[in-house]
file start.cif (mmCIF, C-alpha atoms)
data_protein
#
loop_
_atom_site.label_atom_id
_atom_site.label_comp_id
_atom_site.auth_asym_id
_atom_site.auth_seq_id
_atom_site.Cartn_x
_atom_site.Cartn_y
_atom_site.Cartn_z
CA MET A 1 121.73 134.11 77.60
CA THR A 2 124.06 132.14 79.81
CA ASP A 3 122.94 129.67 82.40
CA PRO A 4 123.18 130.93 85.95
CA PRO A 5 126.22 129.44 87.65
CA SER A 6 125.44 126.22 89.46
CA ASP A 7 126.22 126.23 93.17
CA ASN A 8 125.53 122.59 93.83
CA GLY A 9 128.23 120.57 92.17
CA PRO A 10 128.88 117.10 93.54
CA ALA A 11 131.83 118.15 95.66
CA GLU A 12 130.14 121.21 97.12
CA ARG A 13 129.30 121.50 100.75
CA VAL A 14 125.99 123.27 101.12
CA ILE A 15 124.39 124.42 104.33
CA GLU A 16 120.68 125.19 104.17
CA LEU A 17 118.90 127.28 106.74
CA ARG A 18 115.18 128.10 106.80
CA LEU A 19 113.93 130.92 108.98
CA PRO A 20 110.60 132.47 109.98
CA SER A 21 109.82 135.77 108.26
CA LYS A 22 110.14 137.78 111.41
CA LEU A 23 112.63 140.52 112.07
CA GLY A 24 115.30 139.39 114.50
CA TYR A 25 115.82 135.98 112.93
CA GLU A 26 118.29 137.47 110.46
CA LYS A 27 120.73 137.15 113.38
CA VAL A 28 120.57 133.36 113.08
CA ALA A 29 121.62 133.66 109.44
CA MET A 30 124.39 136.12 110.32
CA ASP A 31 125.85 133.88 113.04
CA THR A 32 125.60 130.75 110.89
CA ALA A 33 127.35 132.42 107.95
CA SER A 34 130.07 133.99 110.08
CA SER A 35 130.68 130.65 111.81
CA LEU A 36 131.36 129.10 108.41
CA ALA A 37 133.32 132.06 107.07
CA ARG A 38 135.60 132.20 110.11
CA ARG A 39 136.43 128.52 109.67
CA MET A 40 137.08 129.03 105.97
CA GLY A 41 139.74 131.55 106.91
CA PHE A 42 138.08 134.91 106.18
CA VAL A 43 139.59 137.85 108.09
CA PRO A 44 137.39 139.62 110.69
CA GLU A 45 136.78 142.65 108.49
CA ARG A 46 135.43 140.53 105.63
CA ILE A 47 133.29 138.59 108.06
CA GLU A 48 131.76 141.85 109.25
CA ALA A 49 131.02 142.77 105.63
CA LEU A 50 129.42 139.38 105.10
CA ARG A 51 127.30 139.72 108.25
CA THR A 52 125.99 143.09 107.15
CA ALA A 53 125.22 141.91 103.62
CA ILE A 54 123.35 138.85 104.90
CA ALA A 55 121.44 140.91 107.43
CA GLU A 56 120.27 143.24 104.65
CA ALA A 57 119.36 140.39 102.30
CA VAL A 58 117.38 138.51 104.95
CA THR A 59 115.55 141.60 106.23
CA ASN A 60 114.67 142.48 102.62
CA ALA A 61 113.25 138.97 102.20
CA ILE A 62 111.27 139.29 105.44
CA GLU A 63 109.95 142.81 104.88
CA HIS A 64 109.48 142.94 101.14
CA GLY A 65 109.50 139.50 99.51
CA ASN A 66 107.50 137.80 102.25
CA ALA A 67 105.70 140.99 103.33
CA HIS A 68 106.16 140.25 107.07
CA ASP A 69 104.06 137.06 106.85
CA SER A 70 105.76 135.07 109.62
CA GLU A 71 104.40 131.80 108.26
CA MET A 72 106.45 132.32 105.12
CA ARG A 73 110.03 131.14 105.16
CA VAL A 74 113.33 132.66 104.20
CA LEU A 75 115.84 130.21 102.77
CA VAL A 76 119.54 130.85 103.19
CA MET A 77 122.00 128.60 101.36
CA LEU A 78 125.71 128.73 102.06
CA THR A 79 128.12 127.04 99.69
CA ALA A 80 131.70 126.82 100.87
CA ARG A 81 134.26 126.56 98.10
CA GLU A 82 138.02 126.48 98.17
CA ASP A 83 138.35 130.18 97.35
CA GLU A 84 134.91 131.71 97.91
CA LEU A 85 131.68 131.58 99.85
CA VAL A 86 128.42 131.72 97.91
CA VAL A 87 125.34 132.89 99.78
CA ARG A 88 121.86 132.68 98.35
CA VAL A 89 118.89 134.21 100.14
CA ALA A 90 115.44 133.42 98.79
CA ASP A 91 111.93 134.41 99.85
CA GLU A 92 108.54 133.06 98.83
CA GLY A 93 107.76 135.99 96.60
CA ARG A 94 104.57 137.46 97.97
CA LYS A 95 105.92 140.64 96.41
CA GLN A 96 108.21 140.56 93.39
CA LEU A 97 111.20 142.82 93.42
CA GLY A 98 111.22 145.16 90.42
CA GLN A 99 114.30 145.31 88.25
CA GLU A 100 114.80 148.99 89.07
CA GLN A 101 114.87 148.17 92.79
CA THR A 102 117.81 145.85 92.47
CA ALA A 103 120.34 148.50 91.50
CA PRO A 104 119.56 151.59 93.56
CA THR A 105 121.90 154.51 93.98
CA PRO A 106 120.57 156.23 97.09
CA ARG A 107 122.07 159.58 98.01
CA ILE A 108 122.38 160.78 101.54
CA GLU A 109 121.31 164.33 100.59
CA GLU A 110 118.02 163.05 99.21
CA ALA A 111 117.46 160.64 102.05
CA LEU A 112 117.73 163.46 104.58
CA THR A 113 114.71 165.19 103.12
CA ARG A 114 112.75 162.05 102.35
CA GLN A 115 110.13 160.62 104.66
CA ASP A 116 111.39 157.09 104.04
CA LYS A 117 115.05 157.01 104.97
CA GLY A 118 115.43 153.38 103.90
CA GLY A 119 116.44 151.84 100.61
CA TRP A 120 120.07 151.33 101.49
CA GLY A 121 120.02 147.57 101.84
CA ILE A 122 120.61 146.48 98.27
CA TRP A 123 123.08 149.28 97.71
CA LEU A 124 125.03 148.10 100.78
CA ILE A 125 125.01 144.50 99.58
CA ARG A 126 126.47 145.58 96.25
CA GLU A 127 129.12 147.64 98.01
CA LEU A 128 130.16 144.87 100.37
CA MET A 129 130.07 141.68 98.30
CA ASP A 130 132.30 140.76 95.37
CA GLU A 131 129.50 139.47 93.15
CA VAL A 132 125.77 140.16 93.48
CA GLU A 133 122.98 138.88 91.28
CA PHE A 134 119.20 139.10 91.61
CA THR A 135 117.27 136.18 90.17
CA THR A 136 114.11 134.18 90.68
CA ALA A 137 114.39 131.34 93.19
CA PRO A 138 113.34 127.80 92.17
CA SER A 139 110.34 128.34 94.47
CA GLY A 140 109.32 131.37 92.40
CA GLY A 141 110.35 133.93 95.00
CA ASN A 142 113.02 136.57 94.84
CA GLN A 143 116.58 135.39 95.24
CA VAL A 144 119.79 137.26 95.75
CA ARG A 145 123.02 135.43 95.12
CA MET A 146 126.12 136.93 96.69
CA VAL A 147 129.72 135.82 96.48
CA ILE A 148 132.59 136.82 98.72
CA HIS A 149 136.10 135.85 97.67
CA LEU A 150 138.62 134.41 100.04
CA GLU A 151 141.93 136.27 99.86
CA ARG A 152 144.76 134.58 101.62
CA MET B 1 138.32 122.91 105.68
CA LEU B 2 136.43 122.59 108.94
CA ASP B 3 138.55 119.93 110.55
CA ASP B 4 141.67 121.44 111.99
CA GLU B 5 141.38 124.36 114.34
CA LEU B 6 143.83 123.68 117.10
CA SER B 7 147.38 124.80 117.66
CA VAL B 8 149.45 123.04 120.28
CA SER B 9 152.78 124.16 121.69
CA THR B 10 154.90 123.18 124.67
CA ARG B 11 156.97 125.31 127.04
CA GLU B 12 158.48 125.01 130.51
CA ARG B 13 157.87 127.24 133.50
CA ASP B 14 159.07 126.67 137.08
CA GLY B 15 159.43 122.94 136.53
CA VAL B 16 156.04 122.56 134.89
CA ALA B 17 155.69 121.43 131.29
CA ILE B 18 152.92 123.61 129.92
CA ILE B 19 151.08 122.39 126.86
CA ASP B 20 149.09 125.26 125.37
CA LEU B 21 145.97 124.17 123.53
CA VAL B 22 144.56 127.02 121.50
CA GLY B 23 141.35 126.29 119.61
CA ASP B 24 139.01 123.33 119.21
CA VAL B 25 139.68 120.05 120.97
CA THR B 26 137.99 117.39 118.85
CA THR B 27 138.85 114.08 117.22
CA PHE B 28 141.26 115.94 114.91
CA ALA B 29 143.39 116.99 117.89
CA GLU B 30 144.67 113.52 118.75
CA GLU B 31 148.03 113.53 117.01
CA LYS B 32 148.96 117.05 118.07
CA ILE B 33 148.13 116.51 121.74
CA ASN B 34 149.78 113.10 121.95
CA THR B 35 152.90 114.41 120.24
CA ALA B 36 153.17 117.37 122.61
CA TYR B 37 152.69 115.11 125.62
CA ALA B 38 155.29 112.61 124.37
CA GLN B 39 157.75 115.45 123.81
CA ALA B 40 157.27 116.83 127.34
CA THR B 41 157.59 113.35 128.81
CA GLY B 42 160.69 112.66 126.74
CA GLN B 43 162.28 115.72 128.33
CA GLY B 44 161.61 114.26 131.75
CA ALA B 45 158.61 116.36 132.79
CA ARG B 46 156.98 115.32 136.08
CA HIS B 47 154.36 118.04 136.14
CA ILE B 48 152.15 118.51 133.10
CA LEU B 49 149.73 121.38 132.66
CA LEU B 50 147.19 121.40 129.83
CA ASN B 51 146.59 125.11 129.41
CA PHE B 52 143.40 125.70 127.41
CA ARG B 53 143.00 128.95 125.54
CA GLN B 54 140.20 130.13 123.27
CA ASN B 55 138.49 126.79 123.52
CA ASP B 56 135.01 127.48 122.33
CA TYR B 57 134.60 123.85 121.39
CA ILE B 58 135.66 120.71 123.23
CA ASN B 59 133.65 117.57 122.45
CA SER B 60 133.45 113.99 123.69
CA ALA B 61 136.03 112.82 121.16
CA GLY B 62 138.40 115.49 122.48
CA ILE B 63 137.71 114.37 126.03
CA ALA B 64 138.52 110.79 124.99
CA ILE B 65 141.96 112.00 123.91
CA LEU B 66 142.48 113.62 127.30
CA ILE B 67 141.46 110.39 129.04
CA GLY B 68 144.24 108.77 127.03
CA ILE B 69 146.66 111.35 128.41
CA VAL B 70 145.49 110.59 131.95
CA THR B 71 146.21 106.90 131.32
CA GLU B 72 149.76 107.77 130.28
CA VAL B 73 150.26 110.22 133.15
CA ASN B 74 149.28 107.50 135.64
CA ARG B 75 151.58 104.98 133.99
CA ASN B 76 154.51 107.43 134.02
CA ASN B 77 153.89 108.64 137.59
CA GLN B 78 153.43 112.23 136.51
CA LYS B 79 151.01 114.80 137.81
CA LEU B 80 148.44 116.43 135.56
CA ALA B 81 146.49 119.66 135.89
CA VAL B 82 144.35 121.75 133.56
CA SER B 83 143.80 125.50 133.40
CA GLY B 84 142.00 128.09 131.37
CA LEU B 85 138.74 126.20 130.88
CA SER B 86 135.47 128.14 130.73
CA GLN B 87 132.92 127.49 133.46
CA HIS B 88 131.00 125.34 131.03
CA PHE B 89 133.91 123.07 130.19
CA GLN B 90 134.95 122.85 133.85
CA LYS B 91 131.48 121.47 134.42
CA ILE B 92 131.90 118.98 131.57
CA PHE B 93 135.27 117.83 132.97
CA ARG B 94 133.65 117.18 136.34
CA MET B 95 130.73 115.47 134.65
CA VAL B 96 132.88 112.88 132.87
CA GLY B 97 135.10 112.33 135.91
CA LEU B 98 138.29 113.92 134.56
CA ALA B 99 138.38 116.22 137.59
CA GLN B 100 139.26 113.21 139.75
CA TYR B 101 142.51 112.79 137.87
CA ALA B 102 143.54 116.34 137.08
CA ASP B 103 143.34 119.42 139.29
CA ILE B 104 141.35 122.17 137.64
CA TYR B 105 142.76 125.70 137.96
CA GLN B 106 141.34 128.96 136.68
CA ASP B 107 144.54 130.06 134.98
CA GLU B 108 148.19 129.25 134.43
CA GLU B 109 149.44 131.31 137.41
CA GLU B 110 147.21 129.48 139.82
CA ALA B 111 148.20 126.12 138.34
CA VAL B 112 151.94 126.78 138.61
CA ARG B 113 151.49 127.83 142.26
CA GLY B 114 149.38 124.72 142.82
CA PHE B 115 152.12 122.43 141.47
CA ALA B 116 154.72 124.21 143.64
CA ALA B 117 152.55 123.75 146.74
CA THR B 118 152.05 120.01 146.17
CA ALA B 119 155.75 119.51 145.43
CA ALA B 120 156.80 121.30 148.63
CA MET C 1 93.86 146.76 124.24
CA THR C 2 94.36 143.74 122.06
CA LEU C 3 95.58 140.44 123.29
CA GLN C 4 98.39 138.86 121.39
CA MET C 5 96.91 135.91 119.56
CA ALA C 6 98.65 132.61 120.05
CA THR C 7 100.75 132.27 116.93
CA SER C 8 102.48 129.13 115.82
CA ASN C 9 105.81 128.39 117.44
CA PRO C 10 108.84 129.84 115.67
CA PHE C 11 111.18 127.25 114.23
CA ILE C 12 114.28 127.05 112.13
CA GLU C 13 115.43 124.19 109.93
CA LEU C 14 119.04 123.53 109.19
CA SER C 15 120.61 120.97 106.91
CA VAL C 16 124.35 120.35 106.89
CA PRO C 17 126.67 117.88 105.13
CA SER C 18 127.15 114.71 107.18
CA GLU C 19 130.80 115.35 107.81
CA LEU C 20 132.73 115.97 111.02
CA GLY C 21 133.33 119.68 111.44
CA TYR C 22 129.89 120.78 110.27
CA GLU C 23 128.48 120.24 113.76
CA LYS C 24 130.35 123.45 114.61
CA ILE C 25 128.21 125.42 112.18
CA ALA C 26 125.07 123.75 113.53
CA ARG C 27 125.88 124.67 117.12
CA ASP C 28 126.41 128.32 116.22
CA ALA C 29 123.12 128.43 114.28
CA VAL C 30 121.13 126.83 117.08
CA ALA C 31 122.85 128.98 119.71
CA ALA C 32 121.83 132.14 117.82
CA PHE C 33 118.23 130.89 117.74
CA ALA C 34 118.28 130.07 121.47
CA ARG C 35 119.68 133.51 122.34
CA ARG C 36 116.96 135.05 120.18
CA LEU C 37 114.40 133.29 122.36
CA GLY C 38 115.97 134.59 125.56
CA CYS C 39 117.86 131.51 126.66
CA ASP C 40 120.55 132.49 129.16
CA ARG C 41 124.25 132.18 128.49
CA GLU C 42 125.11 129.04 130.43
CA ARG C 43 122.08 127.20 129.06
CA VAL C 44 123.14 128.15 125.54
CA GLU C 45 126.55 126.56 126.28
CA ASP C 46 124.81 123.38 127.51
CA LEU C 47 122.73 123.32 124.34
CA LYS C 48 125.77 123.83 122.09
CA THR C 49 127.64 120.92 123.63
CA ALA C 50 124.59 118.64 123.63
CA LEU C 51 123.78 119.46 120.02
CA SER C 52 127.37 118.85 118.90
CA GLU C 53 127.29 115.39 120.45
CA ALA C 54 123.92 114.60 118.84
CA CYS C 55 125.25 115.71 115.44
CA ILE C 56 128.43 113.65 115.82
CA ASN C 57 126.31 110.58 116.65
CA ALA C 58 124.22 111.24 113.53
CA ILE C 59 127.35 111.62 111.37
CA GLU C 60 129.35 108.70 112.76
CA HIS C 61 126.65 106.23 113.78
CA GLY C 62 123.32 107.02 112.06
CA ASN C 63 124.90 107.97 108.75
CA ALA C 64 127.85 105.60 109.40
CA SER C 65 130.28 108.23 108.06
CA VAL C 66 128.95 107.64 104.53
CA SER C 67 129.85 110.70 102.47
CA GLY C 68 127.26 112.70 100.56
CA LEU C 69 124.57 112.28 103.22
CA ARG C 70 123.13 115.05 105.34
CA VAL C 71 122.11 115.79 108.89
CA ASP C 72 118.86 117.71 109.35
CA ILE C 73 118.11 119.75 112.42
CA GLN C 74 114.87 121.37 113.41
CA CYS C 75 114.75 123.74 116.31
CA THR C 76 111.44 124.95 117.72
CA GLY C 77 110.88 127.63 120.33
CA MET C 78 107.99 127.24 122.78
CA VAL C 79 106.86 129.41 125.65
CA ASP C 80 109.11 127.83 128.25
CA ARG C 81 111.39 125.54 126.31
CA LEU C 82 113.34 124.81 123.21
CA MET C 83 113.03 121.54 121.33
CA VAL C 84 115.69 120.34 118.92
CA GLU C 85 115.43 117.34 116.63
CA VAL C 86 118.43 115.86 114.87
CA ARG C 87 117.69 113.47 112.01
CA ASP C 88 120.00 111.27 109.99
CA TYR C 89 119.43 108.87 107.09
CA GLY C 90 119.49 105.75 109.22
CA VAL C 91 122.24 103.87 107.40
CA ARG C 92 122.54 102.23 110.77
CA ARG C 93 119.91 101.99 113.46
CA TYR C 94 121.31 103.73 116.47
CA PRO C 95 119.11 103.23 119.50
CA GLY C 96 121.84 104.52 121.77
CA ASP C 97 121.20 102.05 124.56
CA MET C 98 124.84 101.41 125.30
CA PRO C 99 125.62 101.24 129.00
CA VAL C 100 127.14 104.28 130.59
CA VAL C 101 130.70 103.48 131.56
CA GLY C 102 132.62 105.38 134.23
CA ILE C 103 136.00 106.92 133.61
CA ASP C 104 137.78 104.32 135.79
CA LEU C 105 137.07 101.49 133.36
CA LYS C 106 138.20 103.67 130.49
CA LEU C 107 141.47 104.46 132.24
CA GLN C 108 142.09 100.78 132.94
CA GLY C 109 141.58 100.06 129.28
CA LEU C 110 138.50 97.96 130.07
CA ALA C 111 136.14 100.16 128.07
CA PRO C 112 136.54 102.27 124.94
CA ARG C 113 137.49 105.86 125.62
CA ARG C 114 134.86 107.12 123.20
CA GLY C 115 131.13 106.74 123.78
CA MET C 116 130.43 109.53 126.24
CA GLY C 117 128.25 111.61 123.97
CA LEU C 118 124.85 110.38 125.10
CA MET C 119 125.82 110.54 128.75
CA MET C 120 126.91 114.14 128.34
CA ILE C 121 123.74 115.06 126.48
CA SER C 122 121.48 113.54 129.12
CA GLN C 123 123.21 115.53 131.85
CA LEU C 124 123.21 118.82 129.97
CA VAL C 125 119.61 119.08 128.77
CA ASP C 126 116.30 118.40 130.48
CA GLU C 127 115.01 115.68 128.18
CA ALA C 128 116.81 113.67 125.53
CA GLY C 129 116.13 110.50 123.59
CA PHE C 130 115.41 108.82 120.30
CA THR C 131 111.89 109.12 118.95
CA GLU C 132 109.92 107.30 116.28
CA ASN C 133 110.78 108.34 112.74
CA THR C 134 108.39 107.08 110.08
CA GLU C 135 110.78 108.27 107.39
CA GLY C 136 113.30 105.67 108.41
CA GLY C 137 116.28 107.51 109.84
CA ASN C 138 117.20 107.96 113.46
CA ARG C 139 115.51 110.93 115.07
CA PHE C 140 117.01 112.27 118.29
CA ARG C 141 115.13 114.84 120.29
CA LEU C 142 116.42 117.08 123.02
CA VAL C 143 114.49 119.57 125.13
CA LEU C 144 115.89 122.42 127.13
CA TYR C 145 113.75 124.42 129.55
CA PHE C 146 114.66 128.09 129.76
CA ARG C 147 114.42 128.22 133.53
CA ARG C 148 114.45 125.35 135.90
CA SER C 149 112.52 125.75 139.12
#
call {"tool": "encode", "arguments": {"input": "start.cif", "output": "structure tokens"}}
result
Amino acid sequence: MTDPPSDNGPAERVIELRLPSKLGYEKVAMDTASSLARRMGFVPERIEALRTAIAEAVTNAIEHGNAHDSEMRVLVMLTAREDELVVRVADEGRKQLGQEQTAPTPRIEEALTRQDKGGWGIWLIRELMDEVEFTTAPSGGNQVRMVIHLER
Amino acid sequence: MLDDELSVSTRERDGVAIIDLVGDVTTFAEEKINTAYAQATGQGARHILLNFRQNDYINSAGIAILIGIVTEVNRNNQKLAVSGLSQHFQKIFRMVGLAQYADIYQDEEEAVRGFAATAA
Amino acid sequence: MTLQMATSNPFIELSVPSELGYEKIARDAVAAFARRLGCDRERVEDLKTALSEACINAIEHGNASVSGLRVDIQCTGMVDRLMVEVRDYGVRRYPGDMPVVGIDLKLQGLAPRRGMGLMMISQLVDEAGFTENTEGGNRFRLVLYFRRS
């Protein structure tokens, strides 16, 4: 076992954002992250990827982890580094995410015939981000840690 | 990483020295703006236009720099105008009193015509 | 038909490094929240500028530009208004009671060019001022009504 990488070294600049568990507030996280990413020098296309990944992670936290309980909070942490942006999204873990749910391979053919057309969020996050890891947050909730590399 | 988001360049058009300010005008802008102004003045400019572009963010420290430019413009008997500001920042310029010392134009065209009219 | 029960007011909390430049991230976060609550475009611009100035005061005055500190922002949506609180660590007490100086004195070199932040804030939002903070730091509150009659 290796220790999970630390994102809070002394020289790190961390932005913390806490949101209500209500759909729509993921936009605040998207705009905050893209504001930082733009200033770090990410190109527009990568910023779009980041926005989508964060939107999926935060809506997962709202809908699943916090089970739509608007009193529960979603925590978004953004760590700006010289060559990458680390994003952690944590919920309060009303529902724990099963291991099998964190690496889905949805297929469009199956989704067309399925009642529930969802289940694309985590797959999208994995497609869009350079590193993705599902862990347990210090608070005990679900946490997804995503990294996007800065290519100059 | 988050400190420098302004590019400043100077050009001349119809006797007006145009200083293009693209990006954020904050405390970090001081050297760039003062250098561009000194350069235009060194070349004998009488009419100075600060042409703002893509300025999503101008703060009080940035405005303090512009007040410094007004001081110099008055001392050097030049004329100063600004263009390209959003409605919001036009309001801010009026609020702090800068509008008394610099004509505010919607865009560069209007400003250049304005200078020509006052010079005539 | 069911009546919507009065739920608690939605709020976001944001914490950023106490360093010039990070107020830009704060203003984008708070602007997104304000838009979410239906605040119109020009009022969002007023809020962004006012918040930037409050953050800069917290960074430069309240936290006295000491590195490693943070600025904490809480933004709460109410039926007709938005309330934002900006807190620093209170390295320096910053009551913000400096006199408002006109541009003429600044141009004559009789007053510092800086020091317009609080004046701008007070003109851009509906209520603004320092409030009691039992935790020790400076706490600056600003209130913006969605529609003014």
call {"tool": "closest_residue", "arguments": {"input": "start.cif", "among": "B:Ala40, B:Ala111, B:Leu21, B:Ala102", "to": "Asn74 (chain B)", "atoms": "all atoms listed in the file"}}
result
B:Ala102
call {"tool": "resolve_selection", "arguments": {"input": "start.cif", "expression": "the PyMOL selection byres ((chain B and resi 2) around 12)", "output": "list in words"}}
result
Arg13, Ser35, Leu36, Ala37, Arg38, Arg39, Met40, Gly41, Ala80, Arg81 and Glu82 of chain A; Met1, Asp3, Asp4, Glu5, Leu6, Asp24, Thr26 and Phe28 of chain B; Pro17, Glu19, Leu20, Gly21, Tyr22, Glu23, Lys24 and Ile25 of chain C
call {"tool": "closest_atom_pairs", "arguments": {"input": "start.cif", "of": "chain A", "to": "chain C", "cutoff": "10 Å", "atoms": "all atoms listed in the file", "output": "Markdown table"}}
result
| residue | atom | partner | partner_atom | distance |
| --- | --- | --- | --- | --- |
| A:Pro10 | CA | C:Gly68 | CA | 8.4 |
| A:Ala11 | CA | C:Gly68 | CA | 8.6 |
| A:Glu12 | CA | C:Pro17 | CA | 9.3 |
| A:Arg13 | CA | C:Pro17 | CA | 6.3 |
| A:Val14 | CA | C:Val16 | CA | 6.7 |
| A:Ile15 | CA | C:Val16 | CA | 4.8 |
| A:Glu16 | CA | C:Ser15 | CA | 5.0 |
| A:Leu17 | CA | C:Leu14 | CA | 4.5 |
| A:Arg18 | CA | C:Glu13 | CA | 5.0 |
| A:Leu19 | CA | C:Ile12 | CA | 5.0 |
| A:Pro20 | CA | C:Pro10 | CA | 6.5 |
| A:Ser21 | CA | C:Pro10 | CA | 9.5 |
| A:Lys22 | CA | C:Pro10 | CA | 9.1 |
| A:Gly24 | CA | C:Arg36 | CA | 7.3 |
| A:Tyr25 | CA | C:Arg36 | CA | 7.4 |
| A:Glu26 | CA | C:Ala32 | CA | 9.8 |
| A:Lys27 | CA | C:Ala32 | CA | 6.8 |
| A:Val28 | CA | C:Ala32 | CA | 5.1 |
| A:Ala29 | CA | C:Ala29 | CA | 7.3 |
| A:Met30 | CA | C:Ala29 | CA | 8.7 |
| A:Asp31 | CA | C:Ala29 | CA | 6.2 |
| A:Thr32 | CA | C:Ala29 | CA | 4.8 |
| A:Ala33 | CA | C:Ile25 | CA | 8.2 |
| A:Ser34 | CA | C:Ile25 | CA | 9.0 |
| A:Ser35 | CA | C:Ile25 | CA | 5.8 |
| A:Leu36 | CA | C:Ile25 | CA | 6.1 |
| A:Ala37 | CA | C:Ile25 | CA | 9.8 |
| A:Arg39 | CA | C:Ile25 | CA | 9.1 |
| A:Ser70 | CA | C:Pro10 | CA | 8.6 |
| A:Glu71 | CA | C:Ser8 | CA | 8.2 |
| A:Arg73 | CA | C:Ile12 | CA | 9.1 |
| A:Val74 | CA | C:Ile12 | CA | 9.8 |
| A:Leu75 | CA | C:Glu13 | CA | 9.4 |
| A:Val76 | CA | C:Leu14 | CA | 9.5 |
| A:Met77 | CA | C:Ser15 | CA | 9.5 |
| A:Leu78 | CA | C:Val16 | CA | 9.8 |
call {"tool": "atom_distance", "arguments": {"input": "start.cif", "atom1": "CA of Glu56 (chain A)", "atom2": "CA of Leu97 (chain A)"}}
result
14.4 Å
call {"tool": "resolve_selection", "arguments": {"input": "start.cif", "expression": "the PyMOL selection byres ((chain B and resi 85) around 9)", "output": "list in words"}}
result
Asn51, Phe52, Arg53, Gln54, Asn55, Val82, Ser83, Gly84, Ser86, Gln87, His88, Phe89, Gln90, Ile104, Tyr105, Gln106 and Asp107 of chain B
call {"tool": "residues_around", "arguments": {"input": "start.cif", "residues": "Ile65 (chain B)", "least_positions_apart": "4", "cutoff": "7 Å", "atoms": "only C-alpha atoms", "output": "list in words"}}
result
Glu30, Ala61 and Ile69 of chain B
call {"tool": "closest_residue", "arguments": {"input": "start.cif", "among": "C:Asn57, C:Thr49, C:Asn138, C:Ser67", "to": "chain B", "atoms": "only C-alpha atoms"}}
result
C:Thr49
call {"tool": "resolve_selection", "arguments": {"input": "start.cif", "expression": "the PyMOL selection byres ((chain C and resi 81) around 7)", "output": "JSON list (two decimals) with C-alpha atoms, in the coordinates of the input"}}
result
[["chain", "number", "residue", "atom", "x", "y", "z"],
["C", 77, "GLY", "CA", 110.88, 127.63, 120.33],
["C", 78, "MET", "CA", 107.99, 127.24, 122.78],
["C", 79, "VAL", "CA", 106.86, 129.41, 125.65],
["C", 80, "ASP", "CA", 109.11, 127.83, 128.25],
["C", 82, "LEU", "CA", 113.34, 124.81, 123.21],
["C", 83, "MET", "CA", 113.03, 121.54, 121.33],
["C", 143, "VAL", "CA", 114.49, 119.57, 125.13],
["C", 144, "LEU", "CA", 115.89, 122.42, 127.13],
["C", 145, "TYR", "CA", 113.75, 124.42, 129.55],
["C", 146, "PHE", "CA", 114.66, 128.09, 129.76]]
